[in-house]
>>> print(open('coords.cif').read())   # mmCIF, C-alpha atoms
data_model
loop_
_atom_site.label_atom_id
_atom_site.label_comp_id
_atom_site.auth_asym_id
_atom_site.auth_seq_id
_atom_site.Cartn_x
_atom_site.Cartn_y
_atom_site.Cartn_z
CA MET A 1 1.35 76.03 -45.18
CA PRO A 2 3.75 73.44 -43.81
CA ASP A 3 5.92 74.79 -41.01
CA PHE A 4 8.85 72.54 -41.88
CA ALA A 5 10.31 71.03 -45.03
CA GLU A 6 8.99 67.49 -45.53
CA PRO A 7 12.09 65.49 -44.46
CA LEU A 8 12.37 67.57 -41.28
CA ALA A 9 8.64 67.25 -40.50
CA ARG A 10 8.95 63.49 -41.00
CA LEU A 11 11.94 63.22 -38.64
CA ILE A 12 10.04 65.22 -35.98
CA LEU A 13 7.09 62.85 -36.41
CA GLU A 14 9.29 59.76 -36.04
CA PHE A 15 11.01 61.16 -32.94
CA LYS A 16 7.58 61.88 -31.44
CA ARG A 17 6.68 58.19 -31.66
CA LEU A 18 9.38 57.44 -29.09
CA PRO A 19 8.24 57.28 -25.45
CA GLY A 20 8.56 60.51 -23.44
CA ILE A 21 9.32 62.62 -26.54
CA GLY A 22 6.74 65.36 -27.15
CA GLN A 23 6.49 67.92 -29.95
CA LYS A 24 9.05 70.35 -28.48
CA SER A 25 11.62 67.65 -27.68
CA ALA A 26 11.15 66.07 -31.09
CA GLN A 27 11.76 69.46 -32.75
CA ARG A 28 14.88 70.04 -30.63
CA LEU A 29 16.24 66.61 -31.52
CA ALA A 30 15.47 67.02 -35.22
CA PHE A 31 17.14 70.43 -35.37
CA HIS A 32 20.13 68.93 -33.58
CA VAL A 33 20.38 66.24 -36.28
CA LEU A 34 20.03 68.94 -38.92
CA ARG A 35 23.04 70.78 -37.53
CA ALA A 36 25.08 67.67 -36.70
CA GLU A 37 27.58 65.93 -38.96
CA ARG A 38 26.01 63.50 -41.44
CA ASP A 39 28.17 60.78 -39.87
CA GLU A 40 26.46 61.19 -36.48
CA ALA A 41 23.01 60.77 -38.03
CA ALA A 42 24.22 57.78 -40.05
CA ARG A 43 25.61 56.06 -36.94
CA LEU A 44 22.31 56.50 -35.07
CA ALA A 45 20.42 55.20 -38.12
CA GLN A 46 22.69 52.14 -38.34
CA ALA A 47 22.43 51.47 -34.60
CA LEU A 48 18.63 51.50 -34.90
CA LEU A 49 18.68 48.88 -37.64
CA ASP A 50 21.34 46.73 -35.95
CA VAL A 51 19.26 46.48 -32.77
CA LYS A 52 16.44 45.04 -34.85
CA ASP A 53 18.60 42.86 -37.09
CA LYS A 54 21.45 41.59 -34.92
CA LEU A 55 19.81 40.88 -31.57
CA ARG A 56 18.00 37.73 -30.52
CA LEU A 57 17.08 36.00 -27.26
CA CYS A 58 19.60 34.01 -25.22
CA GLU A 59 18.79 30.32 -25.63
CA ALA A 60 19.17 29.69 -21.91
CA CYS A 61 17.54 32.69 -20.19
CA ASN A 62 15.73 34.77 -22.90
CA ASN A 63 17.85 37.84 -22.17
CA ILE A 64 18.56 39.85 -25.31
CA SER A 65 21.85 38.84 -26.82
CA ASP A 66 23.92 39.09 -29.98
CA SER A 67 24.96 35.46 -29.74
CA GLU A 68 23.50 32.07 -28.75
CA LEU A 69 24.09 32.72 -25.05
CA CYS A 70 23.93 36.10 -23.29
CA PRO A 71 27.07 37.35 -21.46
CA PHE A 72 25.74 36.09 -18.11
CA CYS A 73 24.87 32.59 -19.30
CA ALA A 74 28.14 32.35 -21.25
CA ASP A 75 30.27 33.37 -18.24
CA PRO A 76 31.67 30.22 -16.53
CA ARG A 77 32.16 32.17 -13.27
CA ARG A 78 28.40 32.72 -12.77
CA ASP A 79 26.67 30.42 -10.30
CA ARG A 80 24.12 28.32 -12.20
CA THR A 81 22.44 27.07 -9.00
CA VAL A 82 20.75 30.44 -8.35
CA VAL A 83 18.35 31.86 -10.95
CA CYS A 84 16.98 35.39 -10.64
CA VAL A 85 13.65 35.73 -12.49
CA VAL A 86 12.85 39.18 -13.92
CA GLU A 87 10.04 40.50 -16.10
CA GLU A 88 12.03 42.30 -18.80
CA PRO A 89 15.65 42.32 -20.04
CA HIS A 90 16.17 45.85 -18.69
CA ASN A 91 15.30 44.63 -15.18
CA ILE A 92 18.65 42.80 -15.13
CA LEU A 93 20.68 46.00 -14.96
CA PRO A 94 19.50 47.18 -11.50
CA VAL A 95 20.29 43.73 -10.08
CA GLU A 96 23.75 43.71 -11.70
CA THR A 97 24.47 47.20 -10.42
CA THR A 98 24.44 45.90 -6.85
CA ARG A 99 27.45 43.64 -7.72
CA GLN A 100 25.95 41.34 -5.12
CA PHE A 101 24.32 38.72 -7.33
CA GLU A 102 26.54 36.08 -8.89
CA GLY A 103 23.90 33.71 -10.24
CA VAL A 104 22.19 33.67 -13.63
CA TYR A 105 18.93 35.14 -14.88
CA HIS A 106 15.65 34.13 -16.44
CA VAL A 107 13.64 36.71 -18.37
CA LEU A 108 9.86 36.18 -18.55
CA HIS A 109 9.23 38.93 -21.14
CA GLY A 110 6.10 40.12 -19.37
CA SER A 111 3.97 39.63 -16.29
CA ILE A 112 0.57 38.10 -15.64
CA SER A 113 -2.15 40.71 -16.10
CA PRO A 114 -5.75 39.46 -16.17
CA LEU A 115 -6.90 43.04 -16.82
CA ARG A 116 -4.93 43.18 -20.06
CA GLY A 117 -5.73 39.56 -20.86
CA ILE A 118 -2.16 38.36 -20.36
CA GLY A 119 -2.10 34.88 -18.83
CA PRO A 120 0.90 32.74 -17.81
CA ASP A 121 0.88 31.12 -21.27
CA ARG A 122 2.12 34.44 -22.76
CA LEU A 123 5.24 34.40 -20.54
CA LYS A 124 8.44 32.47 -21.21
CA ILE A 125 8.08 29.96 -18.38
CA THR A 126 8.74 26.56 -20.05
CA GLY A 127 12.48 27.25 -20.39
CA LEU A 128 12.65 27.99 -16.65
CA LEU A 129 10.88 24.72 -15.81
CA GLU A 130 13.30 22.81 -18.06
CA ARG A 131 16.30 24.39 -16.31
CA ILE A 132 14.90 23.42 -12.92
CA ARG A 133 14.16 19.84 -14.04
CA THR A 134 17.86 19.32 -14.83
CA GLY A 135 18.37 19.45 -11.03
CA GLU A 136 21.11 22.08 -11.30
CA VAL A 137 19.02 24.95 -9.85
CA LYS A 138 18.81 25.21 -6.04
CA GLU A 139 17.17 28.62 -5.58
CA VAL A 140 14.88 30.77 -7.70
CA ILE A 141 14.75 34.44 -6.68
CA LEU A 142 11.55 36.07 -7.93
CA ALA A 143 12.54 39.63 -8.80
CA THR A 144 9.39 40.60 -10.69
CA ASN A 145 8.26 44.18 -10.06
CA PRO A 146 6.48 45.17 -6.82
CA THR A 147 3.25 45.84 -8.76
CA VAL A 148 -0.06 43.98 -8.88
CA GLU A 149 1.08 42.20 -12.05
CA GLY A 150 4.57 41.43 -10.76
CA GLU A 151 3.14 40.15 -7.49
CA ALA A 152 0.58 37.96 -9.28
CA THR A 153 3.37 36.54 -11.44
CA ALA A 154 5.51 35.83 -8.37
CA VAL A 155 2.64 34.04 -6.60
CA TYR A 156 1.89 31.98 -9.74
CA LEU A 157 5.55 30.98 -10.22
CA SER A 158 6.00 30.19 -6.55
CA ARG A 159 3.09 27.72 -6.66
CA LEU A 160 4.45 26.19 -9.86
CA LEU A 161 8.08 25.87 -8.76
CA LYS A 162 7.90 24.82 -5.09
CA PRO A 163 6.57 21.30 -5.90
CA LEU A 164 9.72 20.79 -8.00
CA GLY A 165 11.78 20.84 -4.79
CA VAL A 166 13.53 24.14 -5.43
CA ARG A 167 13.89 27.00 -2.91
CA VAL A 168 11.73 29.95 -4.04
CA THR A 169 12.39 33.45 -2.63
CA ARG A 170 10.98 36.92 -3.32
CA ILE A 171 12.94 40.20 -3.22
CA ALA A 172 12.04 42.36 -0.20
CA MET A 173 9.63 45.28 -0.42
CA GLY A 174 9.86 48.16 2.04
CA ILE A 175 10.94 51.75 2.59
CA PRO A 176 13.72 52.71 0.15
CA VAL A 177 17.12 53.27 1.81
CA GLY A 178 17.83 56.96 2.37
CA SER A 179 14.15 57.86 2.16
CA ASP A 180 11.95 59.13 4.99
CA LEU A 181 8.92 57.34 6.46
CA GLU A 182 6.99 60.52 5.77
CA PHE A 183 7.18 59.89 2.02
CA ALA A 184 6.27 56.20 2.12
CA ASP A 185 2.87 55.30 0.71
CA GLU A 186 0.48 53.21 2.77
CA VAL A 187 1.07 49.95 0.89
CA THR A 188 4.86 50.20 1.05
CA MET A 189 4.73 51.12 4.74
CA SER A 190 2.49 48.14 5.42
CA LYS A 191 4.84 45.80 3.47
CA SER A 192 7.72 47.26 5.42
CA LEU A 193 6.07 46.45 8.77
CA GLU A 194 5.01 43.01 7.58
CA ASN A 195 8.55 42.15 6.47
CA ARG A 196 10.21 43.46 9.65
CA ARG A 197 13.31 41.58 10.81
CA GLU A 198 14.86 40.80 14.20
CA MET A 199 17.75 43.09 15.07
CA MET B 1 31.08 42.17 -18.09
CA PRO B 2 29.06 44.24 -20.52
CA ASP B 3 25.57 45.00 -19.22
CA PHE B 4 24.03 45.02 -22.69
CA ALA B 5 24.61 43.20 -25.94
CA GLU B 6 26.83 45.27 -28.28
CA PRO B 7 24.17 46.54 -30.74
CA LEU B 8 21.97 47.64 -27.84
CA ALA B 9 24.86 49.33 -26.00
CA ARG B 10 25.74 51.14 -29.23
CA LEU B 11 22.17 52.39 -29.75
CA ILE B 12 22.09 53.66 -26.14
CA LEU B 13 25.39 55.46 -26.78
CA GLU B 14 24.09 57.09 -29.97
CA PHE B 15 20.85 58.20 -28.29
CA LYS B 16 22.93 59.72 -25.47
CA ARG B 17 24.68 62.00 -27.98
CA LEU B 18 21.36 63.75 -28.61
CA PRO B 19 20.72 66.90 -26.55
CA GLY B 20 18.75 66.40 -23.34
CA ILE B 21 19.00 62.60 -23.47
CA GLY B 22 20.82 61.09 -20.48
CA GLN B 23 21.70 57.47 -19.69
CA LYS B 24 18.26 56.53 -18.35
CA SER B 25 16.34 58.14 -21.22
CA ALA B 26 18.70 56.60 -23.76
CA GLN B 27 18.10 53.16 -22.23
CA ARG B 28 14.34 53.66 -22.25
CA LEU B 29 14.43 54.73 -25.90
CA ALA B 30 16.69 51.85 -26.91
CA PHE B 31 14.48 49.29 -25.16
CA HIS B 32 11.48 50.84 -26.86
CA VAL B 33 13.16 50.33 -30.25
CA LEU B 34 14.01 46.77 -29.24
CA ARG B 35 10.34 46.03 -28.58
CA ALA B 36 8.98 48.04 -31.52
CA GLU B 37 8.32 46.75 -35.02
CA ARG B 38 11.37 46.70 -37.28
CA ASP B 39 9.45 49.02 -39.62
CA GLU B 40 9.26 51.77 -36.98
CA ALA B 41 13.04 51.64 -36.41
CA ALA B 42 13.65 51.64 -40.18
CA ARG B 43 11.44 54.69 -40.68
CA LEU B 44 13.31 56.65 -38.00
CA ALA B 45 16.64 55.56 -39.51
CA GLN B 46 15.53 56.69 -42.98
CA ALA B 47 14.19 60.00 -41.66
CA LEU B 48 17.56 60.69 -40.02
CA LEU B 49 19.40 60.14 -43.29
CA ASP B 50 16.87 62.09 -45.37
CA VAL B 51 17.24 65.16 -43.16
CA LYS B 52 20.96 65.13 -43.90
CA ASP B 53 20.65 64.20 -47.59
CA LYS B 54 17.53 65.93 -48.87
CA LEU B 55 17.56 69.30 -47.13
CA ARG B 56 19.38 72.43 -48.21
CA LEU B 57 19.08 76.16 -47.62
CA CYS B 58 16.46 78.30 -49.37
CA GLU B 59 18.25 80.40 -51.98
CA ALA B 60 16.36 83.53 -50.95
CA CYS B 61 16.22 83.43 -47.15
CA ASN B 62 18.51 80.56 -45.95
CA ASN B 63 15.61 78.76 -44.28
CA ILE B 64 15.99 74.97 -44.49
CA SER B 65 14.13 73.65 -47.47
CA ASP B 66 13.77 70.58 -49.67
CA SER B 67 13.63 72.68 -52.81
CA GLU B 68 15.25 75.83 -54.26
CA LEU B 69 12.87 78.12 -52.36
CA CYS B 70 11.37 77.45 -48.90
CA PRO B 71 7.56 77.33 -48.59
CA PHE B 72 7.43 80.97 -47.43
CA CYS B 73 9.57 82.37 -50.21
CA ALA B 74 7.74 80.23 -52.79
CA ASP B 75 4.30 81.39 -51.65
CA PRO B 76 3.05 84.24 -53.93
CA ARG B 77 0.65 85.44 -51.20
CA ARG B 78 3.49 86.39 -48.81
CA ASP B 79 4.36 90.08 -48.62
CA ARG B 80 7.93 90.53 -49.89
CA THR B 81 8.16 94.12 -48.63
CA VAL B 82 8.48 92.99 -44.99
CA VAL B 83 11.39 90.74 -43.96
CA CYS B 84 11.57 89.19 -40.51
CA VAL B 85 15.18 88.40 -39.54
CA VAL B 86 15.70 85.42 -37.19
CA GLU B 87 18.79 83.66 -35.86
CA GLU B 88 17.92 80.05 -36.63
CA PRO B 89 15.41 78.20 -38.88
CA HIS B 90 13.48 76.97 -35.82
CA ASN B 91 12.88 80.58 -34.74
CA ILE B 92 10.46 80.91 -37.68
CA LEU B 93 7.87 78.61 -36.10
CA PRO B 94 6.98 80.82 -33.09
CA VAL B 95 6.48 83.79 -35.44
CA GLU B 96 4.30 81.73 -37.80
CA THR B 97 2.25 80.42 -34.90
CA THR B 98 0.93 83.94 -34.25
CA ARG B 99 -0.69 83.89 -37.76
CA GLN B 100 -0.07 87.62 -37.65
CA PHE B 101 2.97 87.90 -39.87
CA GLU B 102 2.45 87.76 -43.63
CA GLY B 103 5.89 88.80 -44.80
CA VAL B 104 8.95 86.68 -45.59
CA TYR B 105 11.96 85.64 -43.51
CA HIS B 106 15.71 85.87 -43.47
CA VAL B 107 17.70 83.34 -41.44
CA LEU B 108 21.13 84.44 -40.17
CA HIS B 109 22.22 80.98 -38.95
CA GLY B 110 23.75 82.38 -35.79
CA SER B 111 24.25 85.52 -33.76
CA ILE B 112 27.20 87.76 -33.04
CA SER B 113 29.08 86.49 -29.99
CA PRO B 114 32.47 88.05 -29.27
CA LEU B 115 32.88 85.66 -26.31
CA ARG B 116 32.67 82.64 -28.60
CA GLY B 117 34.63 84.42 -31.33
CA ILE B 118 31.65 84.67 -33.70
CA GLY B 119 31.75 87.90 -35.68
CA PRO B 120 29.23 89.27 -38.25
CA ASP B 121 31.28 87.61 -41.04
CA ARG B 122 30.08 84.19 -39.79
CA LEU B 123 26.41 85.14 -40.27
CA LYS B 124 24.47 85.01 -43.52
CA ILE B 125 24.05 88.74 -44.00
CA THR B 126 25.10 89.37 -47.62
CA GLY B 127 21.91 87.78 -49.01
CA LEU B 128 19.84 90.13 -46.83
CA LEU B 129 21.73 93.18 -48.12
CA GLU B 130 21.19 92.03 -51.72
CA ARG B 131 17.46 91.68 -51.11
CA ILE B 132 17.28 95.18 -49.65
CA ARG B 133 19.30 96.67 -52.51
CA THR B 134 16.65 95.47 -55.01
CA GLY B 135 14.40 98.15 -53.43
CA GLU B 136 11.55 95.68 -52.84
CA VAL B 137 11.97 95.59 -49.04
CA LYS B 138 10.30 98.38 -47.01
CA GLU B 139 10.68 97.06 -43.46
CA VAL B 140 13.10 94.71 -41.70
CA ILE B 141 11.85 93.30 -38.40
CA LEU B 142 14.75 92.18 -36.23
CA ALA B 143 13.47 89.10 -34.39
CA THR B 144 16.79 87.88 -33.03
CA ASN B 145 16.59 86.46 -29.49
CA PRO B 146 16.33 88.77 -26.45
CA THR B 147 19.81 87.69 -25.31
CA VAL B 148 23.15 89.52 -25.22
CA GLU B 149 24.10 87.90 -28.55
CA GLY B 150 20.72 88.49 -30.18
CA GLU B 151 20.71 92.09 -29.01
CA ALA B 152 24.27 92.69 -30.29
CA THR B 153 23.24 91.21 -33.64
CA ALA B 154 20.16 93.45 -33.79
CA VAL B 155 22.21 96.58 -33.03
CA TYR B 156 24.81 95.61 -35.65
CA LEU B 157 22.18 94.95 -38.33
CA SER B 158 20.26 98.09 -37.48
CA ARG B 159 23.37 100.23 -38.07
CA LEU B 160 24.10 98.38 -41.30
CA LEU B 161 20.58 98.54 -42.73
CA LYS B 162 19.26 101.98 -41.78
CA PRO B 163 21.61 103.82 -44.21
CA LEU B 164 20.04 101.74 -47.00
CA GLY B 165 16.79 103.66 -46.48
CA VAL B 166 14.78 100.76 -45.10
CA ARG B 167 12.61 100.87 -41.95
CA VAL B 168 14.27 98.76 -39.21
CA THR B 169 12.21 97.57 -36.22
CA ARG B 170 12.89 95.30 -33.24
CA ILE B 171 10.37 92.93 -31.62
CA ALA B 172 9.17 94.14 -28.19
CA MET B 173 10.59 92.82 -24.93
CA GLY B 174 8.51 92.93 -21.75
CA ILE B 175 6.43 90.96 -19.28
CA PRO B 176 4.98 87.84 -20.93
CA VAL B 177 1.19 87.93 -21.36
CA GLY B 178 -0.60 85.97 -18.62
CA SER B 179 2.39 86.22 -16.30
CA ASP B 180 2.63 88.15 -13.03
CA LEU B 181 4.94 91.10 -12.32
CA GLU B 182 6.12 89.13 -9.30
CA PHE B 183 7.88 86.61 -11.55
CA ALA B 184 9.53 89.10 -13.89
CA ASP B 185 13.29 89.41 -13.63
CA GLU B 186 14.87 92.83 -13.21
CA VAL B 187 16.04 93.20 -16.80
CA THR B 188 12.70 92.20 -18.30
CA MET B 189 10.84 94.52 -15.91
CA SER B 190 13.16 97.37 -16.83
CA LYS B 191 12.64 96.69 -20.58
CA SER B 192 8.93 96.59 -19.94
CA LEU B 193 8.97 100.02 -18.29
CA GLU B 194 11.25 101.46 -20.96
CA ASN B 195 8.95 100.24 -23.76
CA ARG B 196 5.73 101.46 -22.10
CA ARG B 197 3.00 102.71 -24.46
CA GLU B 198 0.26 105.36 -24.23
CA MET B 199 -3.16 103.91 -23.46
#
>>> encode(input="coords.cif", output="structure tokens")
Amino acid sequence: MPDFAEPLARLILEFKRLPGIGQKSAQRLAFHVLRAERDEAARLAQALLDVKDKLRLCEACNNISDSELCPFCADPRRDRTVVCVVEEPHNILPVETTRQFEGVYHVLHGSISPLRGIGPDRLKITGLLERIRTGEVKEVILATNPTVEGEATAVYLSRLLKPLGVRVTRIAMGIPVGSDLEFADEVTMSKSLENRREM
Amino acid sequence: MPDFAEPLARLILEFKRLPGIGQKSAQRLAFHVLRAERDEAARLAQALLDVKDKLRLCEACNNISDSELCPFCADPRRDRTVVCVVEEPHNILPVETTRQFEGVYHVLHGSISPLRGIGPDRLKITGLLERIRTGEVKEVILATNPTVEGEATAVYLSRLLKPLGVRVTRIAMGIPVGSDLEFADEVTMSKSLENRREM
């Protein structure tokens, strides 16, 4: 005996495919849709399709965009001499939130992971090299994640870019602000000591 | 400066309207859709619309259904002499999961809540009365929630149904199985004492 009518069971199943959504959450979401106005469901449905149909990659930096250039690359006020390299488009947001960075971005769409068989050839690196060869770029900030993969990618890029005569920097790793040493893991604590600065 | 391209920002916004989905979750879901196959997004979009377009209420019990009768009411093996009354369609699942109940259901689509201005007239009660008046029903199990509203609804229905000569019962409230007395709140503990049984 099916517990739910077929369209409802199917919606629960589709919600469950999303990351972090289990059976109970999927049921709650589906029942919400069931009770909601048809218009609300239709807007979500349309938004899902538009994300797949209307978005593409920025021709300059590979950020996701609904036009040829993403908002950052299209903005004449951004400083094109500093390029911040990130793994994924969503890694741009935390950098922007600081309101401290005025340069442009480059999105690799991945990180080097020998364990998963992902080599540098799978990343979007050629566009970055082209941008540097124009001579406009003075500094490349490597803001890949502080993970084994992100670190490997940063080391690889650093070796590739330094011979081109560009300054290559890496974001700092250490104890998060507002945290307590007590909660720092061994690797972070060790990075934090290693990267200590004169006061 | 917008942080995300318009279609992506819109999908995040629509995800955020769902219950229990905050900004961070909505972003994670939207980026998942962005990376997923178009087909996966299209299936979720279609499922959303189908739930609104293809579902209706069972003509016998008001459960959500894709045909005239819900699977329970359509099943000839279910015992029509026992009706389990629940507040919402999703309250049927926990009862079914016990595999102990072989009767049919009646869904009220709400509960009496004077605070929110919801009186008995807003609930689907007339259909239940009609079913009882046919003489087929011998017992009505009130499985509304153990809340103030659910309890008020149970008391109201009990007074309404008893004069019709039908047996009216209420599901038991007490300490959950596998729990510890230590964690029971005062009201549950008191219900548990009140409903004690001979051993």
>>> resolve_selection(input="coords.cif", expression="the PyMOL selection byres ((chain B and resi 123) around 8)", output="ChimeraX atom specification")
/B:108-112,119-122,124-125
>>> closest_atom_pairs(input="coords.cif", of="chain B", to="chain A", cutoff="6 Å", atoms="only C-alpha atoms", output="tab-separated table")
residue	atom	partner	partner_atom	distance
B:Ala5	CA	A:Ser65	CA	5.2
B:Pro7	CA	A:Val51	CA	5.3
B:Leu8	CA	A:Val51	CA	5.7
B:Leu11	CA	A:Ala47	CA	4.9
B:Glu14	CA	A:Leu44	CA	5.4
B:Arg38	CA	A:Lys52	CA	5.9
B:Ala41	CA	A:Leu48	CA	5.8
B:Leu44	CA	A:Glu14	CA	5.4
B:Ala45	CA	A:Ala45	CA	4.0
B:Ala47	CA	A:Leu11	CA	5.0
B:Leu48	CA	A:Ala41	CA	5.8
B:Asp50	CA	A:Pro7	CA	5.9
B:Val51	CA	A:Pro7	CA	5.3
B:Lys52	CA	A:Arg38	CA	5.8
B:Ser65	CA	A:Ala5	CA	5.2
B:Asp66	CA	A:Ala5	CA	5.8
>>> closest_residue(input="coords.cif", among="A:Pro146, A:Pro94, A:Gly127, A:Gly103", to="Arg77 in chain A", atoms="all atoms listed in the file")
A:Gly103
>>> residues_around(input="coords.cif", residues="Arg167 in chain A", least_positions_apart="4", cutoff="12 Å", atoms="all atoms listed in the file", output="MDAnalysis selection string")
chainID A and resid 81:84 132 135 137:142 157:163
>>> atom_distance(input="coords.cif", atom1="CA of Glu87 in chain A", atom2="CA of Leu115 in chain A")
17.1 Å
>>> residues_around(input="coords.cif", residues="Val85 in chain B", least_positions_apart="4", cutoff="6 Å", atoms="all atoms listed in the file", output="MDAnalysis selection string")
chainID B and resid 105:107 142:143
>>> atom_distance(input="coords.cif", atom1="CA of Glu182 in chain B", atom2="CA of Ala154 in chain B")
28.6 Å
>>> resolve_selection(input="coords.cif", expression="the PyMOL selection byres ((chain A and resi 102) around 6)", output="list of chain:residue names")
A:Arg78, A:Asp79, A:Phe101, A:Gly103
>>> atom_distance(input="coords.cif", atom1="CA of Thr188 in chain A", atom2="CA of Gly174 in chain A")
5.5 Å
>>> resolve_selection(input="coords.cif", expression="the PyMOL selection byres ((chain B and resi 148) around 12)", output="mmCIF file with C-alpha atoms, keeping the file's coordinate frame")
data_model
loop_
_atom_site.group_PDB
_atom_site.id
_atom_site.type_symbol
_atom_site.label_atom_id
_atom_site.label_comp_id
_atom_site.auth_asym_id
_atom_site.auth_seq_id
_atom_site.Cartn_x
_atom_site.Cartn_y
_atom_site.Cartn_z
ATOM 1 C CA SER B 111 24.250 85.520 -33.760
ATOM 2 C CA ILE B 112 27.200 87.760 -33.040
ATOM 3 C CA SER B 113 29.080 86.490 -29.990
ATOM 4 C CA PRO B 114 32.470 88.050 -29.270
ATOM 5 C CA LEU B 115 32.880 85.660 -26.310
ATOM 6 C CA THR B 144 16.790 87.880 -33.030
ATOM 7 C CA ASN B 145 16.590 86.460 -29.490
ATOM 8 C CA PRO B 146 16.330 88.770 -26.450
ATOM 9 C CA THR B 147 19.810 87.690 -25.310
ATOM 10 C CA GLU B 149 24.100 87.900 -28.550
ATOM 11 C CA GLY B 150 20.720 88.490 -30.180
ATOM 12 C CA GLU B 151 20.710 92.090 -29.010
ATOM 13 C CA ALA B 152 24.270 92.690 -30.290
ATOM 14 C CA THR B 153 23.240 91.210 -33.640
ATOM 15 C CA ALA B 154 20.160 93.450 -33.790
ATOM 16 C CA VAL B 155 22.210 96.580 -33.030
ATOM 17 C CA VAL B 187 16.040 93.200 -16.800
#
>>> build_atoms(input="coords.cif", residues="range 193-198 of chain A", atoms="all heavy atoms", output="PDB file, in the frame of the given file")
ATOM      1  N   LEU A 193       6.363  46.956   7.418  1.00  0.00           N
ATOM      2  CA  LEU A 193       6.070  46.450   8.770  1.00  0.00           C
ATOM      3  C   LEU A 193       5.973  44.931   8.739  1.00  0.00           C
ATOM      4  O   LEU A 193       6.545  44.234   9.586  1.00  0.00           O
ATOM      5  CB  LEU A 193       4.740  47.034   9.257  1.00  0.00           C
ATOM      6  CG  LEU A 193       4.788  48.471   9.772  1.00  0.00           C
ATOM      7  CD1 LEU A 193       3.371  48.977  10.011  1.00  0.00           C
ATOM      8  CD2 LEU A 193       5.612  48.539  11.053  1.00  0.00           C
ATOM      9  N   GLU A 194       5.241  44.438   7.747  1.00  0.00           N
ATOM     10  CA  GLU A 194       5.010  43.010   7.580  1.00  0.00           C
ATOM     11  C   GLU A 194       6.330  42.233   7.458  1.00  0.00           C
ATOM     12  O   GLU A 194       6.477  41.152   8.002  1.00  0.00           O
ATOM     13  CB  GLU A 194       4.180  42.853   6.305  1.00  0.00           C
ATOM     14  CG  GLU A 194       3.504  41.537   6.089  1.00  0.00           C
ATOM     15  CD  GLU A 194       2.747  41.597   4.756  1.00  0.00           C
ATOM     16  OE1 GLU A 194       1.994  42.588   4.515  1.00  0.00           O
ATOM     17  OE2 GLU A 194       2.934  40.686   3.932  1.00  0.00           O
ATOM     18  N   ASN A 195       7.267  42.829   6.716  1.00  0.00           N
ATOM     19  CA  ASN A 195       8.550  42.150   6.470  1.00  0.00           C
ATOM     20  C   ASN A 195       9.616  42.532   7.485  1.00  0.00           C
ATOM     21  O   ASN A 195      10.800  42.417   7.203  1.00  0.00           O
ATOM     22  CB  ASN A 195       9.047  42.477   5.062  1.00  0.00           C
ATOM     23  CG  ASN A 195       8.121  41.961   3.993  1.00  0.00           C
ATOM     24  OD1 ASN A 195       7.397  40.984   4.210  1.00  0.00           O
ATOM     25  ND2 ASN A 195       8.116  42.619   2.846  1.00  0.00           N
ATOM     26  N   ARG A 196       9.227  43.028   8.657  1.00  0.00           N
ATOM     27  CA  ARG A 196      10.210  43.460   9.650  1.00  0.00           C
ATOM     28  C   ARG A 196      11.103  42.307  10.074  1.00  0.00           C
ATOM     29  O   ARG A 196      10.685  41.148  10.054  1.00  0.00           O
ATOM     30  CB  ARG A 196       9.497  44.105  10.845  1.00  0.00           C
ATOM     31  CG  ARG A 196       8.674  43.153  11.681  1.00  0.00           C
ATOM     32  CD  ARG A 196       7.788  43.940  12.626  1.00  0.00           C
ATOM     33  NE  ARG A 196       6.997  43.033  13.485  1.00  0.00           N
ATOM     34  CZ  ARG A 196       5.857  42.470  13.089  1.00  0.00           C
ATOM     35  NH1 ARG A 196       5.367  42.690  11.884  1.00  0.00           N
ATOM     36  NH2 ARG A 196       5.195  41.673  13.917  1.00  0.00           N
ATOM     37  N   ARG A 197      12.346  42.629  10.438  1.00  0.00           N
ATOM     38  CA  ARG A 197      13.310  41.580  10.810  1.00  0.00           C
ATOM     39  C   ARG A 197      13.844  41.794  12.217  1.00  0.00           C
ATOM     40  O   ARG A 197      13.931  42.936  12.681  1.00  0.00           O
ATOM     41  CB  ARG A 197      14.482  41.591   9.813  1.00  0.00           C
ATOM     42  CG  ARG A 197      14.050  41.226   8.412  1.00  0.00           C
ATOM     43  CD  ARG A 197      15.182  41.464   7.430  1.00  0.00           C
ATOM     44  NE  ARG A 197      16.386  40.718   7.843  1.00  0.00           N
ATOM     45  CZ  ARG A 197      17.495  40.642   7.102  1.00  0.00           C
ATOM     46  NH1 ARG A 197      17.551  41.276   5.959  1.00  0.00           N
ATOM     47  NH2 ARG A 197      18.528  39.957   7.533  1.00  0.00           N
ATOM     48  N   GLU A 198      14.238  40.717  12.872  1.00  0.00           N
ATOM     49  CA  GLU A 198      14.860  40.800  14.200  1.00  0.00           C
ATOM     50  C   GLU A 198      16.177  41.571  14.083  1.00  0.00           C
ATOM     51  O   GLU A 198      16.915  41.395  13.127  1.00  0.00           O
ATOM     52  CB  GLU A 198      15.162  39.391  14.743  1.00  0.00           C
ATOM     53  CG  GLU A 198      13.955  38.530  15.047  1.00  0.00           C
ATOM     54  CD  GLU A 198      13.155  39.018  16.254  1.00  0.00           C
ATOM     55  OE1 GLU A 198      13.704  39.802  17.067  1.00  0.00           O
ATOM     56  OE2 GLU A 198      11.966  38.640  16.373  1.00  0.00           O
TER      57      GLU A 198
END
